[in-house]
Structure formats: structure tokens, C-alpha cells
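Shown next: entry.cif, containing mmCIF, C-alpha atoms and all ligand atoms.
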```
data_entry
#
loop_
_atom_site.label_atom_id
_atom_site.label_comp_id
_atom_site.auth_asym_id
_atom_site.auth_seq_id
_atom_site.Cartn_x
_atom_site.Cartn_y
_atom_site.Cartn_z
CA MET L 54 0.00 0.00 0.00
CA SER L 55 1.70 3.21 -1.01
CA GLU L 56 1.39 6.67 0.51
CA HIS L 57 1.97 9.58 -1.85
CA VAL L 58 0.76 12.46 0.17
CA ASN L 59 3.98 13.34 1.89
CA GLU L 60 6.01 14.00 -1.19
CA ASN L 61 6.14 17.64 -0.30
CA PRO L 62 8.37 17.98 2.75
CA GLU L 63 6.68 21.30 3.59
CA SER L 64 3.32 19.62 3.88
CA PRO L 65 1.87 19.77 7.41
CA ARG L 66 1.12 16.08 7.07
CA SER L 67 4.82 15.32 7.07
CA SER L 68 4.98 16.46 10.66
CA GLY L 69 1.87 14.50 11.55
CA THR L 70 0.01 17.63 12.72
CA VAL L 71 -2.93 19.59 11.36
CA SER L 72 -2.14 23.21 10.60
CA THR L 73 -2.44 25.87 7.98
CA VAL L 74 0.58 26.94 6.00
CA ALA L 75 1.55 29.99 4.03
CA PRO L 76 0.72 30.02 0.30
CA LYS L 77 3.21 28.16 -1.78
CA GLU L 78 5.96 30.14 -3.30
CA GLY L 79 5.24 30.80 -6.96
CA GLY L 80 1.43 30.54 -6.55
CA GLY L 81 -0.95 27.64 -6.07
CA PHE L 82 -2.78 26.54 -2.98
CA PRO L 83 -1.24 25.44 0.28
CA ASN L 84 -1.94 22.03 1.66
CA PRO L 85 -5.35 22.43 3.33
CA GLY L 86 -4.17 20.58 6.40
CA LEU L 87 -5.91 17.21 6.32
CA PRO L 88 -5.29 14.88 9.26
CA PRO L 89 -2.46 12.39 8.87
CA HIS L 90 -3.32 9.26 6.97
CA VAL L 91 -3.87 6.26 9.22
CA HIS L 92 -3.22 2.85 7.76
CA ARG L 93 -5.85 0.22 8.27
CA GLN L 94 -5.13 -3.02 10.04
CA ALA L 95 -5.73 -5.00 6.88
CA ASP L 96 -3.06 -2.89 5.10
CA GLU L 97 -0.34 -3.90 7.52
CA ASN L 98 -1.38 -7.23 9.01
CA PRO L 99 -1.97 -10.17 6.62
CA ARG L 100 -4.07 -11.95 9.26
CA ALA L 101 -6.33 -8.91 9.60
CA GLU L 102 -6.57 -8.77 5.84
CA LYS L 103 -7.65 -12.43 5.75
CA ARG L 104 -10.16 -11.77 8.51
CA ALA L 105 -11.66 -8.85 6.58
CA GLU L 106 -11.82 -11.00 3.48
CA ARG L 107 -13.74 -13.69 5.34
CA MET L 108 -16.07 -11.10 6.79
CA VAL L 109 -16.92 -9.71 3.36
CA ALA L 110 -17.50 -13.20 2.00
CA GLY L 111 -19.68 -14.03 5.02
CA LEU L 112 -21.84 -10.98 4.45
CA PHE L 113 -22.33 -11.94 0.80
CA LEU L 114 -23.30 -15.46 1.90
CA LEU L 115 -25.86 -14.07 4.33
CA SER L 116 -27.34 -12.26 1.36
CA VAL L 117 -27.55 -15.58 -0.49
CA LEU L 118 -29.35 -17.03 2.52
CA GLY L 119 -31.90 -14.19 2.33
CA THR L 120 -32.48 -14.94 -1.33
CA VAL L 121 -33.03 -18.62 -0.56
CA VAL L 122 -35.58 -17.70 2.12
CA PHE L 123 -37.34 -15.43 -0.37
CA ILE L 124 -37.59 -18.10 -3.06
CA ALA L 125 -38.49 -20.90 -0.70
CA SER L 126 -41.22 -18.99 1.10
CA TYR L 127 -42.71 -17.91 -2.21
CA PHE L 128 -43.33 -21.54 -3.12
CA VAL L 129 -43.93 -22.99 0.33
CA PHE L 130 -46.61 -20.62 1.53
CA THR L 131 -49.21 -20.69 -1.21
CA PRO L 132 -52.95 -20.51 -0.68
CA MET L 133 -53.15 -24.11 -1.83
CA GLY L 134 -50.35 -25.30 0.45
CA THR L 135 -50.18 -25.38 4.23
CA ASN L 136 -49.37 -22.58 6.59
CA LEU L 137 -47.01 -22.69 9.57
CA LEU L 138 -49.79 -24.13 11.70
CA GLY L 139 -50.14 -26.99 9.27
CA GLU L 140 -53.55 -25.86 8.04
CA PRO L 141 -53.94 -26.82 4.39
CA GLY L 142 -55.57 -24.80 1.64
CA THR L 143 -56.06 -21.61 3.59
CA LEU L 144 -55.52 -17.99 2.75
CA HIS L 145 -53.61 -17.59 6.03
CA ALA L 146 -50.63 -18.97 4.15
CA VAL L 147 -50.51 -15.78 2.13
CA ARG L 148 -49.68 -13.85 5.29
CA TRP L 149 -46.69 -16.06 5.98
CA SER L 150 -45.69 -15.77 2.36
CA ASN L 151 -45.71 -11.97 2.59
CA LEU L 152 -43.76 -12.03 5.84
CA PHE L 153 -41.02 -14.41 4.74
CA THR L 154 -40.60 -13.13 1.21
CA GLY L 155 -40.34 -9.60 2.61
CA VAL L 156 -37.83 -10.54 5.28
CA GLY L 157 -35.83 -12.70 2.82
CA LEU L 158 -35.61 -9.90 0.27
CA ALA L 159 -34.65 -7.35 2.92
CA VAL L 160 -31.88 -9.61 4.22
CA ALA L 161 -30.59 -10.29 0.70
CA VAL L 162 -30.40 -6.62 -0.24
CA PHE L 163 -29.08 -5.42 3.12
CA PHE L 164 -26.16 -7.86 3.25
CA ILE L 165 -25.09 -7.11 -0.31
CA GLY L 166 -24.85 -3.46 0.71
CA ALA L 167 -23.11 -4.28 4.00
CA ALA L 168 -20.58 -6.50 2.24
CA ALA L 169 -19.83 -3.86 -0.39
CA VAL L 170 -19.30 -1.17 2.24
CA HIS L 171 -17.10 -3.41 4.38
CA TRP L 172 -15.09 -4.46 1.34
CA ALA L 173 -14.50 -0.85 0.34
CA LYS L 174 -13.56 0.25 3.84
CA THR L 175 -11.21 -2.59 4.70
CA LEU L 176 -9.76 -4.06 1.51
CA MET L 177 -10.09 -1.70 -1.42
CA PRO L 178 -6.97 0.38 -2.20
CA ASP L 179 -6.50 3.09 0.38
CA GLU L 180 -4.18 5.53 -1.29
CA GLU L 181 -4.20 9.31 -1.14
CA TRP L 182 -2.84 11.25 -4.08
CA VAL L 183 -2.08 14.89 -4.54
CA GLU L 184 -2.70 16.24 -7.99
CA GLU L 185 -1.19 19.66 -8.49
CA ARG L 186 -3.38 22.18 -10.23
CA HIS L 187 -2.16 23.13 -13.63
CA HIS L 188 -0.91 26.64 -14.22
CA ILE L 189 -3.93 28.80 -15.02
CA GLU L 190 -2.18 32.02 -15.91
CA GLY L 191 -1.93 32.69 -19.64
CA SER L 192 1.46 32.90 -21.26
CA ASP L 193 3.07 36.31 -21.82
CA GLU L 194 2.39 35.93 -25.49
CA THR L 195 -1.34 35.25 -24.95
CA ARG L 196 -1.69 38.23 -22.66
CA GLU L 197 0.03 40.47 -25.15
CA VAL L 198 -2.37 39.38 -27.87
CA ALA L 199 -5.37 40.04 -25.59
CA ALA L 200 -4.11 43.50 -24.66
CA GLY L 201 -3.51 44.21 -28.34
CA ILE L 202 -7.10 43.30 -29.20
CA ILE L 203 -8.42 45.74 -26.61
CA THR L 204 -6.10 48.51 -27.72
CA ASP L 205 -7.00 47.97 -31.36
CA GLY L 206 -10.70 48.10 -30.45
CA LEU L 207 -10.27 51.40 -28.65
CA ASP L 208 -8.28 52.83 -31.54
CA GLU L 209 -10.84 51.71 -34.09
CA SER L 210 -13.74 53.15 -32.09
CA GLY L 211 -11.93 56.48 -31.95
CA ILE L 212 -13.06 57.12 -28.38
CA ALA L 213 -9.81 58.80 -27.44
CA ARG L 214 -10.03 61.11 -30.45
CA ARG L 215 -13.71 62.06 -30.04
CA PRO L 216 -14.30 63.57 -26.58
CA VAL L 217 -17.54 65.22 -27.74
CA ILE L 218 -19.12 61.87 -28.48
CA VAL L 219 -17.89 60.44 -25.19
CA THR L 220 -19.39 63.35 -23.25
CA ALA L 221 -22.70 63.03 -25.11
CA MET L 222 -22.75 59.30 -24.48
CA ILE L 223 -22.24 59.78 -20.75
CA ALA L 224 -25.07 62.33 -20.74
CA ALA L 225 -27.39 59.90 -22.54
CA LEU L 226 -26.63 57.05 -20.18
CA THR L 227 -27.16 59.29 -17.17
CA ALA L 228 -30.47 60.63 -18.48
CA LEU L 229 -31.95 57.25 -19.32
CA PRO L 230 -32.72 56.17 -15.69
CA ILE L 231 -34.69 59.41 -15.27
CA ALA L 232 -37.09 58.14 -17.94
CA VAL L 233 -37.70 55.10 -15.78
CA LEU L 234 -38.45 57.27 -12.75
CA ALA L 235 -40.85 59.58 -14.63
CA PRO L 236 -43.90 57.21 -14.50
CA LEU L 237 -43.66 57.20 -10.73
CA SER L 238 -45.02 60.75 -10.75
CA THR L 239 -48.33 59.48 -12.17
CA PHE L 240 -48.96 56.94 -9.42
CA GLY L 241 -51.34 59.34 -7.73
CA PRO L 242 -51.19 60.99 -4.32
CA LEU L 243 -49.71 59.20 -1.36
CA PRO L 244 -52.34 57.31 0.63
CA GLY L 245 -51.83 59.38 3.77
CA SER L 246 -53.90 57.89 6.59
CA LYS L 247 -56.44 56.28 4.26
CA LEU L 248 -55.04 52.84 4.91
CA HIS L 249 -55.63 53.28 8.62
CA HIS L 250 -59.30 54.29 8.56
CA THR L 251 -62.59 53.09 7.10
CA PHE L 252 -66.04 54.65 6.75
CA TRP L 253 -67.18 53.15 10.05
CA LYS L 254 -67.74 55.69 12.84
CA LYS L 255 -69.24 55.54 16.29
CA GLY L 256 -73.03 55.51 16.13
CA LEU L 257 -73.39 54.55 12.44
CA ARG L 258 -76.03 51.89 12.05
CA ILE L 259 -75.01 48.52 10.71
CA THR L 260 -76.98 47.81 7.53
CA ARG L 261 -77.45 44.83 5.26
CA ASP L 262 -75.07 44.92 2.30
CA THR L 263 -77.84 43.78 -0.04
CA ASP L 264 -80.52 46.43 0.56
CA GLY L 265 -79.08 48.86 3.09
CA THR L 266 -81.70 48.16 5.77
CA PRO L 267 -80.54 48.43 9.38
CA ILE L 268 -80.35 45.33 11.54
CA LYS L 269 -81.79 44.88 15.00
CA ALA L 270 -79.89 42.71 17.46
CA SER L 271 -83.01 40.60 17.87
CA GLU L 272 -82.94 39.75 14.14
CA VAL L 273 -79.55 38.10 14.30
CA ALA L 274 -80.23 34.41 14.90
CA MET L 275 -77.69 32.15 16.56
CA ASN L 276 -74.96 31.03 14.11
CA SER L 277 -76.26 33.28 11.34
CA ILE L 278 -73.98 35.49 9.25
CA PHE L 279 -74.77 38.90 7.72
CA HIS L 280 -72.69 40.79 5.18
CA VAL L 281 -72.97 44.39 6.30
CA MET L 282 -72.02 47.97 5.43
CA PRO L 283 -72.14 51.22 7.37
CA GLU L 284 -75.25 53.38 7.07
CA GLY L 285 -74.72 56.34 4.73
CA LEU L 286 -72.17 54.69 2.44
CA THR L 287 -73.98 55.56 -0.77
CA GLU L 288 -73.00 55.64 -4.42
CA ASP L 289 -72.94 59.42 -4.64
CA LEU L 290 -69.94 59.58 -2.34
CA GLU L 291 -66.52 60.35 -3.67
CA ASP L 292 -64.32 57.23 -3.40
CA TYR L 293 -67.47 55.13 -3.00
CA LEU L 294 -65.85 51.93 -4.25
CA GLU L 295 -62.71 52.35 -2.19
CA GLU L 296 -64.76 53.01 0.95
CA ARG L 297 -66.98 50.00 0.27
CA ALA L 298 -63.94 47.80 -0.21
CA LYS L 299 -62.52 48.88 3.14
CA ALA L 300 -65.77 48.82 5.11
CA ALA L 301 -66.92 45.31 4.12
CA THR L 302 -67.78 43.51 7.34
CA VAL L 303 -69.43 40.29 8.46
CA LEU L 304 -71.71 39.98 11.44
CA ILE L 305 -71.94 36.62 13.18
CA ARG L 306 -73.75 35.50 16.31
CA ILE L 307 -72.20 32.80 18.47
CA ASP L 308 -73.15 31.41 21.83
CA PRO L 309 -71.21 33.63 24.28
CA GLU L 310 -70.46 30.49 26.29
CA LEU L 311 -68.23 29.35 23.43
CA GLY L 312 -66.19 32.55 23.44
CA GLN L 313 -62.54 32.07 24.30
CA ASN L 314 -61.53 35.69 24.02
CA GLN L 315 -63.10 38.06 26.53
CA ASP L 316 -61.90 41.20 24.71
CA SER L 317 -63.62 40.00 21.58
CA LEU L 318 -66.87 39.25 23.42
CA ASP L 319 -66.72 42.67 25.09
CA ASN L 320 -66.48 44.32 21.67
CA GLY L 321 -69.62 42.47 20.55
CA TYR L 322 -73.16 42.41 21.81
CA GLN L 323 -74.54 39.26 23.43
CA GLY L 324 -72.43 37.05 21.19
CA ILE L 325 -72.98 39.16 18.06
CA LEU L 326 -69.50 39.87 16.68
CA ALA L 327 -68.43 41.93 13.66
CA PHE L 328 -65.19 41.30 11.80
CA SER L 329 -63.61 42.84 8.74
CA LYS L 330 -64.39 40.74 5.69
CA ILE L 331 -61.04 41.54 4.09
CA CYS L 332 -58.48 38.78 4.55
CA THR L 333 -55.32 39.85 6.32
CA HIS L 334 -53.26 37.78 3.88
CA VAL L 335 -53.71 39.48 0.52
CA GLY L 336 -57.22 40.87 0.79
CA CYS L 337 -59.69 38.34 -0.57
CA PRO L 338 -63.19 38.44 0.96
CA VAL L 339 -63.44 36.01 3.86
CA ALA L 340 -67.03 35.05 3.31
CA LEU L 341 -67.29 31.35 4.11
CA TYR L 342 -68.54 30.57 7.60
CA GLU L 343 -68.73 27.08 9.07
CA GLN L 344 -71.52 27.04 11.60
CA GLN L 345 -70.42 23.85 13.32
CA THR L 346 -66.80 24.85 13.93
CA HIS L 347 -67.31 28.64 14.00
CA HIS L 348 -64.45 29.04 11.55
CA MET L 349 -64.31 31.62 8.79
CA LEU L 350 -62.47 30.51 5.70
CA CYS L 351 -60.77 32.57 3.02
CA PRO L 352 -61.31 30.85 -0.34
CA CYS L 353 -58.11 32.21 -1.87
CA HIS L 354 -55.41 30.45 0.14
CA GLN L 355 -57.46 28.76 2.87
CA SER L 356 -56.55 31.00 5.77
CA THR L 357 -58.93 30.02 8.56
CA PHE L 358 -60.04 32.30 11.41
CA ASP L 359 -61.62 31.18 14.67
CA VAL L 360 -64.61 33.41 15.41
CA THR L 361 -64.82 32.19 19.01
CA ASP L 362 -61.26 33.37 19.62
CA GLY L 363 -61.29 36.90 18.20
CA ALA L 364 -60.90 35.65 14.59
CA LYS L 365 -57.45 34.37 15.40
CA VAL L 366 -55.63 32.65 12.51
CA ILE L 367 -55.64 28.89 13.03
CA PHE L 368 -54.51 27.85 9.56
CA GLY L 369 -53.09 29.32 6.37
CA PRO L 370 -50.74 32.11 5.35
CA ALA L 371 -52.50 35.08 7.03
CA HIS L 372 -50.55 36.09 10.11
CA ARG L 373 -52.90 38.34 12.06
CA PRO L 374 -56.55 38.08 13.10
CA LEU L 375 -59.35 39.78 11.19
CA PRO L 376 -59.80 43.21 12.80
CA GLN L 377 -62.95 43.37 14.90
CA LEU L 378 -65.48 46.19 14.64
CA PRO L 379 -66.79 47.22 18.05
CA ILE L 380 -70.59 47.18 18.10
CA GLU L 381 -73.35 48.48 20.37
CA VAL L 382 -77.13 48.72 20.30
CA ASP L 383 -78.97 52.05 20.06
CA ALA L 384 -82.15 53.07 21.87
CA GLU L 385 -84.33 51.45 19.21
CA GLY L 386 -82.51 48.14 19.40
CA TYR L 387 -80.54 48.58 16.17
CA LEU L 388 -76.94 47.51 15.97
CA VAL L 389 -74.52 50.41 15.59
CA ALA L 390 -70.77 50.69 15.31
CA GLY L 391 -68.91 51.53 18.50
CA GLY L 392 -66.22 53.20 16.38
CA ASP L 393 -63.91 52.41 13.49
CA PHE L 394 -61.81 49.26 13.34
CA PRO L 395 -59.05 49.62 15.93
CA GLU L 396 -56.37 48.76 13.37
CA PRO L 397 -55.97 48.84 9.57
CA ILE L 398 -58.02 46.23 7.76
CA GLY L 399 -56.78 43.93 5.00
CA PRO L 400 -53.29 42.76 4.12
CA SER L 401 -50.59 43.76 6.50
CA PHE L 402 -48.28 46.40 5.15
CA TRP L 403 -44.83 47.39 6.20
CA ASP L 404 -44.26 45.75 9.58
CA LEU L 405 -47.82 46.04 10.80
CA HIS L 406 -48.51 43.51 13.54
CA LYS L 407 -46.03 41.07 12.20
CA ASP L 408 -45.66 39.63 15.64
CA LYS L 409 -49.34 38.69 16.06
S1 LIG O 1 -56.09 36.13 0.65
FE1 LIG O 1 -56.96 35.04 2.23
S2 LIG O 1 -55.67 33.40 2.50
FE2 LIG O 1 -54.72 34.51 0.95
#
```

Do you think you could lay out the structure here as C-alpha cells?
Amino acid sequence: MSEHVNENPESPRSSGTVSTVAPKEGGGFPNPGLPPHVHRQADENPRAEKRAERMVAGLFLLSVLGTVVFIASYFVFTPMGTNLLGEPGTLHAVRWSNLFTGVGLAVAVFFIGAAAVHWAKTLMPDEEWVEERHHIEGSDETREVAAGIITDGLDESGIARRPVIVTAMIAALTALPIAVLAPLSTFGPLPGSKLHHTFWKKGLRITRDTDGTPIKASEVAMNSIFHVMPEGLTEDLEDYLEERAKAATVLIRIDPELGQNQDSLDNGYQGILAFSKICTHVGCPVALYEQQTHHMLCPCHQSTFDVTDGAKVIFGPAHRPLPQLPIEVDAEGYLVAGGDFPEPIGPSFWDLHKDK
């Protein structure tokens, strides 16, 4: 067994220690400092080599044994034969067939692998070689040719002789990015605080989205859901569509006994709770309500919100609860808003409530 790694007397391996060394003189990489090579027993001791040989052969023979078990059990345990309990012509034999063919095949495959690994680790050649990297620097002649090509190109383009063109070119390349920025000026005014507020205000009646009629608390049956809008949000308003999009809300009545979030119950009225309908993931309408589980489901990416727990996210990519609209009841028994949503509705922006 030969060892070629220590040909370089400056190699750290020659001293039997692991260390880093300075770059080689004249370029190239230093020896990375691998641990010293340890010879295996089978490399130095013929008896150990023989033992390893027998071990590998034994493992292969165990594999043969597995194959024999596989073949034998395939034919022995047939539905028409007898099973291990000696019962003839019974389907129970198929169970034994499955068991023994499976075990036989597993043994056969496993010991082939084990033998191959043991063979490679104990008896296959165990030599380490160092192959020096070839010189990657081009010859002086090649570099001269390359430099000549560049110089010729510059001469032919006449850049050095035409400063006016060069100046104009620099001006053109500097001006071009401004053309990209120009469309930004047409993106409209900055949103200001619009993202933080909706049309809902304290005292506004809660009305049905379909016909705009107000809703009495007594009309909201247990486990029912209403799609609602604030009173006074009419088509003649400026930004009507934007305000509608932000104000969309669902009203749900649950048994207060089921409530797990006291703050949420306090912001409702006798189990009637109002949540923003706009998903906090990317803004789809969360309009599917499961009466049995009290979960609201967003159809876009399946974010699921638990109504009994303040619309907390229990599944899906949304990472904050649906904002809850505080509600009250006026003197005539109609449901009214207790104020605006306490936080921006819809998809989170910037770092809004990322920790929720
Ligand atoms: S928009 Fe609701 S889960 Fe994606």
C-alpha cells in the first residue's frame, strides 16, 4: 500500500500535525491541512486482511441465505399449500408468504450493501494522491495578444479622439434612468392615513349589504352570518368603491359560552361579533362561515379564522386576526358601530402587527 501524500516535505502532514501553512511560493494553494493518513489493520497485518476478506464473503453469503428464504417462502406458503400451523388450503398462508418473502428480500439486499461497504472500507486500495493544479495564468504571449485586441478596439472606435461623443454618451446614459423614474409621478397621491381608517364611525347603524336596511340585534339568529355595510355609504360619495372595499364587514352570532376571548366578546353584543371581511393575507373576501366549527375561511389560500377566539388565525398564510369592529345597540334596538376598526383592515403592510 503506497502513501503519496507526503512527497512535499513542507506539507503539514509530514509532521503529523494539522495546521495551515503559508501560500506556496510561486502561486498555487497550500496544503489544506488534512489529518495524517492512518493505515488500516488490513493494510499492515496479513491476518487482519484475511479476517476482513472472510467477513466480506460471510456478508455476501448471508445475502444468499436471504435470497433462498425469499424463493423458498414464495413456493412454500401458497394458498393451496399449508401454513405454519399446518392448516392446508387456507388464505392464512398468504400472510406467511408476505412475511417471509419480505424478510428474505430485505436480508438479501441489506447484506449485499453491507458487504460492499465493508469491502470498500477494509480491503479496497486506500491511497491518497495529490494532484497539483495546472498553471492557469496565460502565457506572456497570450496576454500580449489580448491586450492588443483591446487597444486595437479602442483605436478603431476612436473614443480617445472624439471627446464630444464620449461626453454626449455619458449624458445619454445618465439621463436614461430618469425616464424610468418619470412614470412614478403618475402613481397618484400618497395614501396618507387612508389605509388606517374606514367609513365606520361611532353611532353609524349597521346595515345589510344587499338592501341597506338596518339590523336589530333581535334579528340576528344564533350562528347566522350577515354581510354588512355602514349606514350612509352611498354611491354618490366620492371614493365610494374604495370606501366599500374597506368597510366590508361580516356579522356573526355565536353562543357567548363558546367565546374564548373576553376582549372579543366585550367588543360584541350578546355574542354578536363583527369582523372585517377583508383577509389579512392578501385581501380576498373572507365570506365562508362554518356554523359547526365557528371558523371563517378565506377561499383564496385557505386561511382560517376562529370566530370564538377573536378571529385568530388557526390555519393558512395570514398572520394576524381579522380586525374586529366594536358594536353596540342604540335606543331602538338597532346595531350600531362603536367606532372604526381599531387597526388597519386587509393585508398587513410594512411591519404592521407582524408579531401577532
Ligand atoms: S387572501 Fe386570504 S388566504 Fe390569501

**OP:** Counting all atoms listed in the file, note down every residue that has an atom within 10 Å of the point (-26.8, -12.0, 4.8) (file coordinates), as a ChimeraX atom specification.
**Re:** /L:110-120,157,159-168

Go ahead and write the residues just picked, C-alpha atoms, as a PDB file, in the coordinates of the input.
```
ATOM      1  CA  ALA L 110     -17.500 -13.200   2.000  1.00  0.00           C
ATOM      2  CA  GLY L 111     -19.680 -14.030   5.020  1.00  0.00           C
ATOM      3  CA  LEU L 112     -21.840 -10.980   4.450  1.00  0.00           C
ATOM      4  CA  PHE L 113     -22.330 -11.940   0.800  1.00  0.00           C
ATOM      5  CA  LEU L 114     -23.300 -15.460   1.900  1.00  0.00           C
ATOM      6  CA  LEU L 115     -25.860 -14.070   4.330  1.00  0.00           C
ATOM      7  CA  SER L 116     -27.340 -12.260   1.360  1.00  0.00           C
ATOM      8  CA  VAL L 117     -27.550 -15.580  -0.490  1.00  0.00           C
ATOM      9  CA  LEU L 118     -29.350 -17.030   2.520  1.00  0.00           C
ATOM     10  CA  GLY L 119     -31.900 -14.190   2.330  1.00  0.00           C
ATOM     11  CA  THR L 120     -32.480 -14.940  -1.330  1.00  0.00           C
ATOM     12  CA  GLY L 157     -35.830 -12.700   2.820  1.00  0.00           C
ATOM     13  CA  ALA L 159     -34.650  -7.350   2.920  1.00  0.00           C
ATOM     14  CA  VAL L 160     -31.880  -9.610   4.220  1.00  0.00           C
ATOM     15  CA  ALA L 161     -30.590 -10.290   0.700  1.00  0.00           C
ATOM     16  CA  VAL L 162     -30.400  -6.620  -0.240  1.00  0.00           C
ATOM     17  CA  PHE L 163     -29.080  -5.420   3.120  1.00  0.00           C
ATOM     18  CA  PHE L 164     -26.160  -7.860   3.250  1.00  0.00           C
ATOM     19  CA  ILE L 165     -25.090  -7.110  -0.310  1.00  0.00           C
ATOM     20  CA  GLY L 166     -24.850  -3.460   0.710  1.00  0.00           C
ATOM     21  CA  ALA L 167     -23.110  -4.280   4.000  1.00  0.00           C
ATOM     22  CA  ALA L 168     -20.580  -6.500   2.240  1.00  0.00           C
TER      23      ALA L 168
END
```

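Across the structure, CA of Ala105 in chain L and CA of Val121 in chain L are spaced 24.6 Å apart.
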
Original post:
Quick one: residues within 6 Å of ligand LIG 1 (chain O), with only C-alpha atoms and all ligand atoms, as number ranges by chain?
Top reply: L: 332, 334-337, 351, 353-356, 370-371

Subject >> Nearest residue to Val273 in chain L from the set L:Leu350, L:Ala298, L:Leu388, L:Ala125 (distances using all atoms listed in the file) >> reply: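 Answer, going by the shortest atom-to-atom distance: L:Leu388.
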
Subject >> Distance query Thr357 in chain L at most 9 Å, only C-alpha atoms, self and fewer than 6 positions along chain excluded, as a list of chain:residue names >> reply: L:Val339, L:His348, L:Met349, L:Leu350, L:Cys351, L:Ala364, L:Lys365, L:Val366, L:Ile367, L:Phe368, L:Gly369, L:Ala371

Subject >> Residue nearest Leu341 in chain L - candidates L:Leu294, L:Asp359, L:Ala224, L:Trp253, atoms counted: only C-alpha atoms >> reply: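 Residue with the minimum atom-to-atom distance to Leu341 in chain L: L:Asp359.
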
Original post:
For Asp264 in chain L, which of L:Val233, L:Leu286, L:Leu226, L:Leu248 is the closest residue, counting only C-alpha atoms?
Top reply: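 The shortest atom-to-atom distance to Asp264 in chain L comes from L:Leu286.
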
Padding 3 Å on each side, edges along x, y and z: where is the centre of the box around the listed atoms of range 177-190 of chain L, and how long are its edges in Å to one decimal? Output it as lines of an AutoDock Vina configuration file.
```
center_x = -5.5
center_y = 15.2
center_z = -7.8
size_x = 15.2
size_y = 39.7
size_z = 22.3
```

Just add N, CA and C atoms to range 243-257 of chain L and send it as an mmCIF file, in the coordinates of the input.
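result25.cif, freshly written:
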```cif
data_model
loop_
_atom_site.group_PDB
_atom_site.id
_atom_site.type_symbol
_atom_site.label_atom_id
_atom_site.label_comp_id
_atom_site.auth_asym_id
_atom_site.auth_seq_id
_atom_site.Cartn_x
_atom_site.Cartn_y
_atom_site.Cartn_z
ATOM 1 N N LEU L 243 -50.025 60.177 -2.394
ATOM 2 C CA LEU L 243 -49.710 59.200 -1.360
ATOM 3 C C LEU L 243 -50.976 58.890 -0.554
ATOM 4 N N PRO L 244 -51.084 57.693 -0.033
ATOM 5 C CA PRO L 244 -52.340 57.310 0.630
ATOM 6 C C PRO L 244 -52.611 58.059 1.933
ATOM 7 N N GLY L 245 -51.602 58.695 2.487
ATOM 8 C CA GLY L 245 -51.830 59.380 3.770
ATOM 9 C C GLY L 245 -52.314 58.397 4.819
ATOM 10 N N SER L 246 -53.404 58.782 5.525
ATOM 11 C CA SER L 246 -53.900 57.890 6.590
ATOM 12 C C SER L 246 -55.051 57.011 6.102
ATOM 13 N N LYS L 247 -55.287 57.018 4.776
ATOM 14 C CA LYS L 247 -56.440 56.280 4.260
ATOM 15 C C LYS L 247 -56.381 54.789 4.577
ATOM 16 N N LEU L 248 -55.156 54.271 4.645
ATOM 17 C CA LEU L 248 -55.040 52.840 4.910
ATOM 18 C C LEU L 248 -55.389 52.502 6.351
ATOM 19 N N HIS L 249 -55.415 53.531 7.193
ATOM 20 C CA HIS L 249 -55.630 53.280 8.620
ATOM 21 C C HIS L 249 -57.084 53.467 9.046
ATOM 22 N N HIS L 250 -57.919 54.011 8.148
ATOM 23 C CA HIS L 250 -59.300 54.290 8.560
ATOM 24 C C HIS L 250 -60.288 53.769 7.535
ATOM 25 N N THR L 251 -61.505 53.488 8.005
ATOM 26 C CA THR L 251 -62.590 53.090 7.100
ATOM 27 C C THR L 251 -63.759 54.045 7.330
ATOM 28 N N PHE L 252 -64.873 53.774 6.654
ATOM 29 C CA PHE L 252 -66.040 54.650 6.750
ATOM 30 C C PHE L 252 -66.759 54.506 8.105
ATOM 31 N N TRP L 253 -66.474 53.397 8.787
ATOM 32 C CA TRP L 253 -67.180 53.150 10.050
ATOM 33 C C TRP L 253 -66.844 54.241 11.076
ATOM 34 N N LYS L 254 -67.911 54.713 11.754
ATOM 35 C CA LYS L 254 -67.740 55.690 12.840
ATOM 36 C C LYS L 254 -68.697 55.342 13.958
ATOM 37 N N LYS L 255 -68.389 55.823 15.123
ATOM 38 C CA LYS L 255 -69.240 55.540 16.290
ATOM 39 C C LYS L 255 -70.671 56.010 16.011
ATOM 40 N N GLY L 256 -71.625 55.156 16.258
ATOM 41 C CA GLY L 256 -73.030 55.510 16.130
ATOM 42 C C GLY L 256 -73.647 55.199 14.784
ATOM 43 N N LEU L 257 -72.816 54.882 13.767
ATOM 44 C CA LEU L 257 -73.390 54.550 12.440
ATOM 45 C C LEU L 257 -74.093 53.209 12.528
#
```
